[in-house]
$ cat entry07.json   # JSON, C-alpha atoms and all ligand atoms
[["chain", "number", "residue", "atom", "x", "y", "z"],
["A", 93, "MET", "CA", 202.34, -148.88, -125.20],
["A", 94, "SER", "CA", 198.80, -147.57, -125.39],
["A", 95, "ALA", "CA", 197.62, -149.89, -122.64],
["A", 96, "PHE", "CA", 196.73, -146.92, -120.48],
["A", 97, "SER", "CA", 194.12, -145.72, -122.91],
["A", 98, "GLY", "CA", 190.77, -145.65, -121.23],
["A", 99, "SER", "CA", 192.07, -147.70, -118.38],
["A", 100, "SER", "CA", 190.93, -146.88, -114.89],
["A", 101, "ILE", "CA", 192.13, -150.01, -113.14],
["A", 102, "TRP", "CA", 195.74, -148.92, -112.68],
["A", 103, "SER", "CA", 196.55, -147.83, -109.21],
["A", 104, "ARG", "CA", 197.60, -144.23, -108.91],
["A", 105, "THR", "CA", 200.90, -144.99, -107.19],
["A", 106, "LYS", "CA", 201.97, -147.29, -109.97],
["A", 107, "MET", "CA", 200.88, -144.85, -112.66],
["A", 108, "SER", "CA", 202.34, -141.73, -111.09],
["A", 109, "ALA", "CA", 205.70, -143.42, -110.59],
["A", 110, "GLU", "CA", 205.78, -144.40, -114.23],
["A", 111, "THR", "CA", 208.41, -142.84, -116.43],
["A", 112, "HIS", "CA", 209.37, -144.15, -119.81],
["A", 113, "ALA", "CA", 210.46, -142.97, -123.22],
["A", 114, "ILE", "CA", 208.99, -143.19, -126.68],
["A", 115, "VAL", "CA", 210.52, -142.08, -129.97],
["A", 116, "VAL", "CA", 208.55, -139.71, -132.20],
["A", 117, "SER", "CA", 209.98, -138.76, -135.60],
["A", 118, "GLY", "CA", 213.46, -139.59, -134.35],
["A", 119, "ILE", "CA", 213.09, -137.55, -131.16],
["A", 120, "ALA", "CA", 213.28, -139.28, -127.79],
["A", 121, "VAL", "CA", 210.37, -138.19, -125.63],
["A", 122, "GLN", "CA", 210.35, -138.88, -121.92],
["A", 123, "ILE", "CA", 206.85, -139.40, -120.56],
["A", 124, "ILE", "CA", 205.96, -138.91, -116.93],
["A", 125, "ARG", "CA", 202.45, -139.66, -115.79],
["A", 126, "LYS", "CA", 201.11, -137.56, -112.99],
["A", 127, "ASP", "CA", 197.86, -136.75, -111.32],
["A", 128, "ILE", "CA", 197.49, -133.53, -113.31],
["A", 129, "LYS", "CA", 194.77, -132.01, -115.45],
["A", 130, "ASN", "CA", 196.66, -130.87, -118.54],
["A", 131, "LEU", "CA", 199.31, -132.38, -120.73],
["A", 132, "HIS", "CA", 202.54, -130.45, -120.41],
["A", 133, "LEU", "CA", 205.20, -130.58, -123.09],
["A", 134, "GLY", "CA", 208.62, -129.16, -122.33],
["A", 135, "VAL", "CA", 211.92, -128.75, -124.15],
["A", 136, "TYR", "CA", 214.82, -128.36, -121.78],
["A", 137, "PRO", "CA", 218.35, -127.03, -121.94],
["A", 138, "PRO", "CA", 221.12, -127.66, -122.51],
["A", 139, "ASN", "CA", 220.47, -130.36, -125.11],
["A", 140, "GLY", "CA", 216.82, -129.80, -125.98],
["A", 141, "ARG", "CA", 215.58, -132.86, -124.10],
["A", 142, "VAL", "CA", 211.84, -133.39, -124.62],
["A", 143, "ARG", "CA", 209.69, -134.28, -121.66],
["A", 144, "VAL", "CA", 205.94, -134.73, -121.44],
["A", 145, "ALA", "CA", 204.06, -134.69, -118.17],
["A", 146, "ALA", "CA", 200.77, -136.37, -118.97],
["A", 147, "PRO", "CA", 197.57, -136.86, -116.98],
["A", 148, "LEU", "CA", 197.13, -140.45, -115.84],
["A", 149, "ALA", "CA", 194.38, -141.18, -118.33],
["A", 150, "VAL", "CA", 196.21, -139.92, -121.43],
["A", 151, "SER", "CA", 197.59, -142.72, -123.61],
["A", 152, "ASP", "CA", 200.99, -142.88, -125.25],
["A", 153, "ASP", "CA", 199.27, -142.50, -128.61],
["A", 154, "ALA", "CA", 197.68, -139.27, -127.48],
["A", 155, "VAL", "CA", 201.09, -138.08, -126.25],
["A", 156, "ARG", "CA", 202.56, -139.04, -129.61],
["A", 157, "LEU", "CA", 199.94, -136.96, -131.39],
["A", 158, "ALA", "CA", 200.57, -133.97, -129.14],
["A", 159, "VAL", "CA", 204.30, -134.22, -129.88],
["A", 160, "ILE", "CA", 203.69, -134.47, -133.63],
["A", 161, "GLU", "CA", 201.44, -131.40, -133.49],
["A", 162, "ARG", "CA", 204.25, -129.45, -131.82],
["A", 163, "LEU", "CA", 207.12, -130.93, -133.84],
["A", 164, "GLY", "CA", 207.93, -127.64, -135.60],
["A", 165, "TRP", "CA", 208.01, -125.81, -132.30],
["A", 166, "ILE", "CA", 210.13, -128.52, -130.63],
["A", 167, "LYS", "CA", 212.72, -128.43, -133.42],
["A", 168, "LYS", "CA", 212.84, -124.65, -133.23],
["A", 169, "ARG", "CA", 213.45, -124.83, -129.48],
["A", 170, "GLN", "CA", 216.15, -127.45, -129.92],
["A", 171, "ALA", "CA", 217.86, -125.31, -132.56],
["A", 172, "ALA", "CA", 217.68, -122.34, -130.16],
["A", 173, "PHE", "CA", 219.35, -124.35, -127.41],
["A", 174, "ALA", "CA", 222.09, -125.41, -129.81],
["A", 175, "ALA", "CA", 222.58, -121.73, -130.69],
["A", 176, "GLN", "CA", 222.65, -120.91, -127.00],
["A", 177, "GLU", "CA", 225.46, -123.39, -126.46],
["A", 178, "ARG", "CA", 227.44, -121.56, -129.14],
["A", 179, "GLN", "CA", 226.43, -118.21, -127.69],
["A", 180, "SER", "CA", 227.52, -119.13, -124.18],
["A", 181, "ALA", "CA", 231.02, -119.82, -125.46],
["A", 182, "ARG", "CA", 231.55, -116.08, -125.76],
["A", 183, "GLU", "CA", 235.05, -114.72, -125.83],
["A", 184, "MET", "CA", 234.02, -111.34, -124.44],
["A", 185, "VAL", "CA", 236.04, -109.42, -127.01],
["A", 186, "SER", "CA", 235.33, -106.17, -128.82],
["A", 187, "GLY", "CA", 232.84, -106.50, -131.65],
["A", 188, "GLU", "CA", 230.68, -109.18, -130.07],
["A", 189, "SER", "CA", 226.96, -108.57, -129.81],
["A", 190, "HIS", "CA", 225.45, -108.41, -126.34],
["A", 191, "TYR", "CA", 221.91, -107.52, -125.35],
["A", 192, "TYR", "CA", 220.50, -105.07, -122.85],
["A", 193, "LEU", "CA", 216.77, -104.38, -122.44],
["A", 194, "GLY", "CA", 215.95, -105.96, -125.76],
["A", 195, "ARG", "CA", 218.43, -103.94, -127.73],
["A", 196, "ARG", "CA", 221.59, -105.25, -129.35],
["A", 197, "TYR", "CA", 224.88, -103.59, -128.41],
["A", 198, "ARG", "CA", 228.36, -103.96, -129.73],
["A", 199, "LEU", "CA", 230.89, -104.80, -127.04],
["A", 200, "HIS", "CA", 233.87, -102.51, -126.74],
["A", 201, "VAL", "CA", 236.50, -103.77, -124.32],
["A", 202, "ILE", "CA", 238.64, -101.03, -122.79],
["A", 203, "GLU", "CA", 241.65, -101.63, -120.62],
["A", 204, "SER", "CA", 241.17, -100.08, -117.23],
["A", 205, "HIS", "CA", 242.06, -100.35, -113.55],
["A", 206, "GLY", "CA", 240.04, -101.49, -110.58],
["A", 207, "ALA", "CA", 237.03, -103.76, -110.30],
["A", 208, "GLY", "CA", 235.73, -103.18, -113.80],
["A", 209, "TRP", "CA", 232.63, -101.33, -114.97],
["A", 210, "VAL", "CA", 230.26, -100.98, -117.89],
["A", 211, "ALA", "CA", 228.93, -97.92, -119.68],
["A", 212, "VAL", "CA", 226.32, -97.57, -122.43],
["A", 213, "ARG", "CA", 227.45, -95.33, -125.27],
["A", 214, "ASN", "CA", 225.32, -93.95, -128.10],
["A", 215, "LEU", "CA", 222.63, -96.59, -127.64],
["A", 216, "ASN", "CA", 224.71, -99.04, -129.62],
["A", 217, "THR", "CA", 227.87, -99.74, -127.64],
["A", 218, "LEU", "CA", 228.53, -101.42, -124.31],
["A", 219, "GLU", "CA", 231.87, -100.27, -123.03],
["A", 220, "LEU", "CA", 233.40, -102.94, -120.85],
["A", 221, "HIS", "CA", 236.19, -101.49, -118.75],
["A", 222, "VAL", "CA", 238.36, -104.29, -117.39],
["A", 223, "ARG", "CA", 241.90, -104.86, -116.21],
["A", 224, "ALA", "CA", 244.44, -105.89, -118.79],
["A", 225, "ASP", "CA", 244.72, -109.39, -117.29],
["A", 226, "ALA", "CA", 240.93, -110.04, -117.21],
["A", 227, "ASP", "CA", 240.15, -113.24, -119.07],
["A", 228, "ALA", "CA", 236.79, -114.05, -120.68],
["A", 229, "ALA", "CA", 235.33, -115.31, -117.39],
["A", 230, "ALA", "CA", 236.41, -112.21, -115.49],
["A", 231, "ARG", "CA", 234.99, -109.98, -118.21],
["A", 232, "GLN", "CA", 231.75, -111.94, -118.09],
["A", 233, "ARG", "CA", 231.54, -111.41, -114.34],
["A", 234, "VAL", "CA", 231.89, -107.65, -114.77],
["A", 235, "LEU", "CA", 229.10, -107.61, -117.34],
["A", 236, "GLU", "CA", 226.87, -109.82, -115.19],
["A", 237, "ARG", "CA", 227.42, -107.62, -112.16],
["A", 238, "TRP", "CA", 226.31, -104.69, -114.27],
["A", 239, "TYR", "CA", 223.21, -106.54, -115.50],
["A", 240, "ARG", "CA", 222.40, -107.40, -111.91],
["A", 241, "GLY", "CA", 222.71, -103.76, -110.90],
["A", 242, "ARG", "CA", 220.38, -102.67, -113.69],
["A", 243, "LEU", "CA", 217.75, -105.23, -112.67],
["A", 244, "ARG", "CA", 218.09, -104.14, -109.07],
["A", 245, "GLU", "CA", 217.11, -100.63, -110.21],
["A", 246, "LEU", "CA", 214.40, -101.64, -112.66],
["A", 247, "ALA", "CA", 212.53, -104.22, -110.62],
["A", 248, "PRO", "CA", 211.51, -102.39, -107.39],
["A", 249, "PRO", "CA", 209.21, -99.76, -108.99],
["A", 250, "LEU", "CA", 207.55, -102.51, -111.05],
["A", 251, "LEU", "CA", 207.17, -104.70, -107.98],
["A", 252, "GLU", "CA", 205.59, -101.84, -106.05],
["A", 253, "LYS", "CA", 203.28, -100.92, -108.91],
["A", 254, "TRP", "CA", 201.98, -104.48, -109.28],
["A", 255, "GLU", "CA", 201.83, -105.24, -105.60],
["A", 256, "THR", "CA", 199.42, -102.32, -105.31],
["A", 257, "ILE", "CA", 197.35, -103.41, -108.31],
["A", 258, "LEU", "CA", 197.18, -107.06, -107.27],
["A", 259, "GLY", "CA", 196.90, -106.38, -103.55],
["A", 260, "VAL", "CA", 199.77, -108.70, -102.63],
["A", 261, "HIS", "CA", 203.14, -108.28, -101.00],
["A", 262, "ALA", "CA", 206.37, -110.12, -101.72],
["A", 263, "THR", "CA", 208.35, -110.30, -98.50],
["A", 264, "SER", "CA", 211.59, -110.59, -100.47],
["A", 265, "TRP", "CA", 212.85, -110.82, -103.99],
["A", 266, "GLY", "CA", 216.14, -111.70, -105.60],
["A", 267, "ILE", "CA", 218.02, -112.10, -108.84],
["A", 268, "LYS", "CA", 219.75, -115.29, -109.82],
["A", 269, "LYS", "CA", 221.04, -117.18, -112.80],
["A", 270, "MET", "CA", 218.58, -119.90, -113.67],
["A", 271, "LYS", "CA", 218.98, -122.33, -116.51],
["A", 272, "THR", "CA", 215.38, -123.35, -117.06],
["A", 273, "LYS", "CA", 213.15, -120.57, -115.77],
["A", 274, "TRP", "CA", 212.69, -116.85, -116.21],
["A", 275, "GLY", "CA", 211.39, -116.47, -112.72],
["A", 276, "ALA", "CA", 210.20, -118.32, -109.69],
["A", 277, "CYS", "CA", 207.89, -117.77, -106.77],
["A", 278, "ASN", "CA", 207.71, -119.43, -103.39],
["A", 279, "PRO", "CA", 204.17, -118.49, -102.32],
["A", 280, "ASP", "CA", 204.64, -119.82, -98.77],
["A", 281, "ALA", "CA", 207.71, -117.69, -98.16],
["A", 282, "GLY", "CA", 206.38, -114.85, -100.31],
["A", 283, "ARG", "CA", 209.68, -114.84, -102.15],
["A", 284, "ILE", "CA", 210.20, -114.02, -105.81],
["A", 285, "TRP", "CA", 213.20, -114.79, -107.99],
["A", 286, "LEU", "CA", 214.03, -113.11, -111.27],
["A", 287, "ASN", "CA", 216.42, -114.59, -113.80],
["A", 288, "LEU", "CA", 219.46, -112.40, -114.40],
["A", 289, "GLU", "CA", 218.93, -112.95, -118.13],
["A", 290, "LEU", "CA", 215.86, -110.70, -117.98],
["A", 291, "ALA", "CA", 218.26, -107.74, -118.15],
["A", 292, "LYS", "CA", 218.78, -108.68, -121.79],
["A", 293, "LYS", "CA", 215.06, -108.61, -122.60],
["A", 294, "PRO", "CA", 212.70, -105.68, -123.24],
["A", 295, "VAL", "CA", 211.54, -104.17, -119.97],
["A", 296, "GLN", "CA", 207.97, -105.25, -120.80],
["A", 297, "CYS", "CA", 209.17, -108.85, -120.42],
["A", 298, "LEU", "CA", 210.55, -108.06, -116.97],
["A", 299, "GLU", "CA", 207.23, -106.49, -116.07],
["A", 300, "TYR", "CA", 205.33, -109.53, -117.32],
["A", 301, "LEU", "CA", 207.54, -111.84, -115.25],
["A", 302, "ILE", "CA", 206.97, -109.73, -112.15],
["A", 303, "VAL", "CA", 203.20, -109.77, -112.67],
["A", 304, "HIS", "CA", 203.34, -113.52, -113.27],
["A", 305, "GLU", "CA", 205.31, -114.27, -110.12],
["A", 306, "LEU", "CA", 203.24, -111.89, -107.98],
["A", 307, "ALA", "CA", 200.08, -113.53, -109.33],
["A", 308, "HIS", "CA", 201.39, -116.77, -107.84],
["A", 309, "LEU", "CA", 200.95, -115.16, -104.42],
["A", 310, "ILE", "CA", 197.23, -115.23, -105.21],
["A", 311, "GLU", "CA", 197.10, -118.51, -107.12],
["A", 312, "ARG", "CA", 200.03, -120.89, -106.91],
["A", 313, "HIS", "CA", 199.18, -123.03, -109.94],
["A", 314, "HIS", "CA", 198.88, -122.14, -113.62],
["A", 315, "SER", "CA", 195.18, -122.77, -113.29],
["A", 316, "ASP", "CA", 192.24, -121.19, -115.07],
["A", 317, "ARG", "CA", 192.07, -118.75, -112.18],
["A", 318, "PHE", "CA", 195.71, -117.82, -112.73],
["A", 319, "VAL", "CA", 195.17, -117.29, -116.46],
["A", 320, "ALA", "CA", 192.07, -115.19, -115.73],
["A", 321, "LEU", "CA", 194.15, -113.03, -113.37],
["A", 322, "MET", "CA", 196.77, -112.48, -116.06],
["A", 323, "ASP", "CA", 194.14, -111.78, -118.71],
["A", 324, "ARG", "CA", 192.48, -109.19, -116.53],
["A", 325, "HIS", "CA", 195.60, -107.32, -115.46],
["A", 326, "LEU", "CA", 198.01, -107.81, -118.36],
["A", 327, "PRO", "CA", 195.93, -108.75, -121.43],
["A", 328, "GLN", "CA", 199.01, -108.86, -123.68],
["A", 329, "TRP", "CA", 200.91, -111.28, -121.40],
["A", 330, "ARG", "CA", 200.96, -114.05, -124.02],
["A", 331, "HIS", "CA", 202.90, -111.79, -126.34],
["A", 332, "HIS", "CA", 205.59, -111.25, -123.69],
["A", 333, "ARG", "CA", 205.72, -114.93, -122.86],
["A", 334, "ALA", "CA", 206.20, -115.72, -126.55],
["A", 335, "GLU", "CA", 209.00, -113.16, -126.73],
["A", 336, "LEU", "CA", 210.76, -114.78, -123.78],
["A", 337, "ASN", "CA", 210.31, -118.24, -125.24],
["A", 338, "GLU", "CA", 211.80, -117.04, -128.52],
["A", 339, "ALA", "CA", 214.99, -116.28, -126.63],
["A", 340, "PRO", "CA", 217.64, -118.94, -126.59],
["A", 341, "LEU", "CA", 218.00, -118.81, -122.81],
["A", 342, "GLY", "CA", 214.44, -119.54, -122.01],
["A", 343, "HIS", "CA", 212.66, -122.35, -120.35],
["A", 344, "ALA", "CA", 210.57, -123.56, -123.26],
["A", 345, "ASP", "CA", 207.33, -125.20, -122.56],
["A", 346, "TRP", "CA", 203.84, -125.50, -123.80],
["A", 347, "THR", "CA", 200.92, -126.16, -121.53],
["A", 348, "TYR", "CA", 197.71, -127.36, -123.09],
["B", 401, "ZN", "ZN", 204.39, -119.56, -113.02]]

$ encode --input "entry07.json" --output "structure tokens"
Amino acid sequence: MSAFSGSSIWSRTKMSAETHAIVVSGIAVQIIRKDIKNLHLGVYPPNGRVRVAAPLAVSDDAVRLAVIERLGWIKKRQAAFAAQERQSAREMVSGESHYYLGRRYRLHVIESHGAGWVAVRNLNTLELHVRADADAAARQRVLERWYRGRLRELAPPLLEKWETILGVHATSWGIKKMKTKWGACNPDAGRIWLNLELAKKPVQCLEYLIVHELAHLIERHHSDRFVALMDRHLPQWRHHRAELNEAPLGHADWTY
């Protein structure tokens, strides 16, 4: 399978359409060859699927080596996704741990009337006020609505701050639940999306994501220019990215 090594006679269309799988240390690795500069290794939810996007000239053996080098990291990511699967099967009952702005809170479910609401008590308790007949899904919706409201308050001042610093303007922004990404940017539309899960992370992670997505309005790719922008404006950005990737609900990837 290393026939691509050093080969320049393959036509680009054939190569770029090529997708196949190899097995490395018992892990199935899907390889997609593209006209790209860097090898990109990703571990994806929900099952920890491993996918490598490789430049056309990179051989399967080189991909194999890259996977072996990152084996510890891949297994850690896969374990985190397995934990996430367990975590997502939450019962939404008193005593459970839930996160808000990087801090762990104990859930306290209180029977109440109306649409349901959440209150933070003593920096260690999230009071979830819900109707007596609210099942786990209904309780989850109340909590998510609260998270959404908090992000809606936290994000605008950060957006404004960084729009001024970077000299860009996002025409719109939104919050949504995303399974594989912490944020997204459509540079053409000038639109930015933030993952609802960011409400569970330290606010510095939210800020990093906002800077990252706004930087895409200047440079759409994760190019050297993009990295230089991040280094100049938020020198500690790698730390925040690592913190997000530590989290079970993250898109986990590694770009070389
Ligand atoms: Zn990006």

$ closest_atom_pairs --input "entry07.json" --of "chain A" --to "ligand ZN 401 (chain B)" --cutoff "9 Å" --atoms "only C-alpha atoms and all ligand atoms" --output "JSON lines"
{"residue": "A:Gly275", "atom": "CA", "partner": "B:ZN401", "partner_atom": "ZN", "distance": 7.7}
{"residue": "A:Ala276", "atom": "CA", "partner": "B:ZN401", "partner_atom": "ZN", "distance": 6.8}
{"residue": "A:Cys277", "atom": "CA", "partner": "B:ZN401", "partner_atom": "ZN", "distance": 7.4}
{"residue": "A:Leu301", "atom": "CA", "partner": "B:ZN401", "partner_atom": "ZN", "distance": 8.6}
{"residue": "A:His304", "atom": "CA", "partner": "B:ZN401", "partner_atom": "ZN", "distance": 6.1}
{"residue": "A:Glu305", "atom": "CA", "partner": "B:ZN401", "partner_atom": "ZN", "distance": 6.1}
{"residue": "A:Ala307", "atom": "CA", "partner": "B:ZN401", "partner_atom": "ZN", "distance": 8.3}
{"residue": "A:His308", "atom": "CA", "partner": "B:ZN401", "partner_atom": "ZN", "distance": 6.6}
{"residue": "A:Arg312", "atom": "CA", "partner": "B:ZN401", "partner_atom": "ZN", "distance": 7.6}
{"residue": "A:His313", "atom": "CA", "partner": "B:ZN401", "partner_atom": "ZN", "distance": 7.0}
{"residue": "A:His314", "atom": "CA", "partner": "B:ZN401", "partner_atom": "ZN", "distance": 6.1}
{"residue": "A:Phe318", "atom": "CA", "partner": "B:ZN401", "partner_atom": "ZN", "distance": 8.9}

$ residues_around --input "entry07.json" --residues "range 182-190 of chain A" --least-positions-apart "5" --cutoff "6 Å" --atoms "all atoms listed in the file" --output "list in words"
Arg196, Tyr197, Arg198, Leu199, His200, Val201 and Ala228 of chain A

$ closest_residue --input "entry07.json" --among "A:Lys167, A:Glu110, A:Phe173, A:Gly118" --to "Asn139 in chain A" --atoms "all atoms listed in the file"
A:Phe173

$ residues_near_point --input "entry07.json" --point "(219.1, -117.7, -112.8)" --cutoff "10 Å" --atoms "all atoms listed in the file" --output "ChimeraX atom specification"
/A:266-276,285-290

$ residues_around --input "entry07.json" --residues "Val144 in chain A" --least-positions-apart "2" --cutoff "8 Å" --atoms "all atoms listed in the file" --output "list in words"
Val121, Gln122, Ile123, Ile124, Leu131, His132, Leu133, Gly134, Val142, Ala146 and Val155 of chain A

$ closest_residue --input "entry07.json" --among "A:Ala262, A:Ala281, A:Ile114, A:Leu215" --to "Leu306 in chain A" --atoms "only C-alpha atoms"
A:Ala262

$ build_atoms --input "entry07.json" --residues "range 112-130 of chain A" --atoms "N, CA, C and O atoms" --output "compact mmCIF listing (two decimals), keeping the file's coordinate frame"
# COMPACT_ATOMS: atom_id res chain seq x y z
N HIS A 112 208.74 -143.38 -118.74
CA HIS A 112 209.37 -144.15 -119.81
C HIS A 112 209.56 -143.26 -121.02
O HIS A 112 209.16 -142.09 -121.01
N ALA A 113 210.17 -143.80 -122.05
CA ALA A 113 210.46 -142.97 -123.22
C ALA A 113 209.85 -143.59 -124.47
O ALA A 113 209.77 -144.81 -124.60
N ILE A 114 209.40 -142.73 -125.36
CA ILE A 114 208.99 -143.19 -126.68
C ILE A 114 209.79 -142.37 -127.70
O ILE A 114 210.40 -141.35 -127.33
N VAL A 115 209.82 -142.83 -128.94
CA VAL A 115 210.52 -142.08 -129.97
C VAL A 115 209.49 -141.60 -130.99
O VAL A 115 208.69 -142.39 -131.50
N VAL A 116 209.48 -140.28 -131.23
CA VAL A 116 208.55 -139.71 -132.20
C VAL A 116 209.35 -138.96 -133.25
O VAL A 116 210.09 -138.04 -132.91
N SER A 117 209.23 -139.39 -134.50
CA SER A 117 209.98 -138.76 -135.60
C SER A 117 211.47 -138.59 -135.25
O SER A 117 212.05 -137.53 -135.46
N GLY A 118 212.04 -139.62 -134.65
CA GLY A 118 213.46 -139.59 -134.35
C GLY A 118 213.83 -138.83 -133.09
O GLY A 118 215.00 -138.72 -132.73
N ILE A 119 212.82 -138.29 -132.39
CA ILE A 119 213.09 -137.55 -131.16
C ILE A 119 212.67 -138.38 -129.95
O ILE A 119 211.55 -138.88 -129.90
N ALA A 120 213.60 -138.55 -129.01
CA ALA A 120 213.28 -139.28 -127.79
C ALA A 120 212.42 -138.41 -126.90
O ALA A 120 212.74 -137.25 -126.64
N VAL A 121 211.30 -138.95 -126.47
CA VAL A 121 210.37 -138.19 -125.63
C VAL A 121 210.17 -138.94 -124.32
O VAL A 121 209.73 -140.08 -124.30
N GLN A 122 210.53 -138.28 -123.24
CA GLN A 122 210.35 -138.88 -121.92
C GLN A 122 208.93 -138.57 -121.44
O GLN A 122 208.49 -137.42 -121.48
N ILE A 123 208.23 -139.59 -121.03
CA ILE A 123 206.85 -139.40 -120.56
C ILE A 123 206.76 -139.68 -119.07
O ILE A 123 207.22 -140.71 -118.59
N ILE A 124 206.20 -138.72 -118.36
CA ILE A 124 205.96 -138.91 -116.93
C ILE A 124 204.48 -138.76 -116.69
O ILE A 124 203.88 -137.75 -117.08
N ARG A 125 203.88 -139.76 -116.08
CA ARG A 125 202.45 -139.66 -115.79
C ARG A 125 202.23 -139.17 -114.38
O ARG A 125 202.84 -139.66 -113.44
N LYS A 126 201.36 -138.18 -114.28
CA LYS A 126 201.11 -137.56 -112.99
C LYS A 126 199.63 -137.33 -112.82
O LYS A 126 198.88 -137.33 -113.79
N ASP A 127 199.25 -137.09 -111.60
CA ASP A 127 197.86 -136.75 -111.32
C ASP A 127 197.66 -135.26 -111.60
O ASP A 127 197.57 -134.44 -110.70
N ILE A 128 197.64 -134.93 -112.89
CA ILE A 128 197.49 -133.53 -113.31
C ILE A 128 196.36 -133.44 -114.33
O ILE A 128 195.92 -134.45 -114.87
N LYS A 129 195.94 -132.21 -114.60
CA LYS A 129 194.77 -132.01 -115.45
C LYS A 129 195.16 -131.88 -116.92
O LYS A 129 194.48 -132.38 -117.81
N ASN A 130 196.27 -131.16 -117.15
CA ASN A 130 196.66 -130.87 -118.54
C ASN A 130 197.96 -131.54 -118.92
O ASN A 130 198.84 -131.73 -118.08
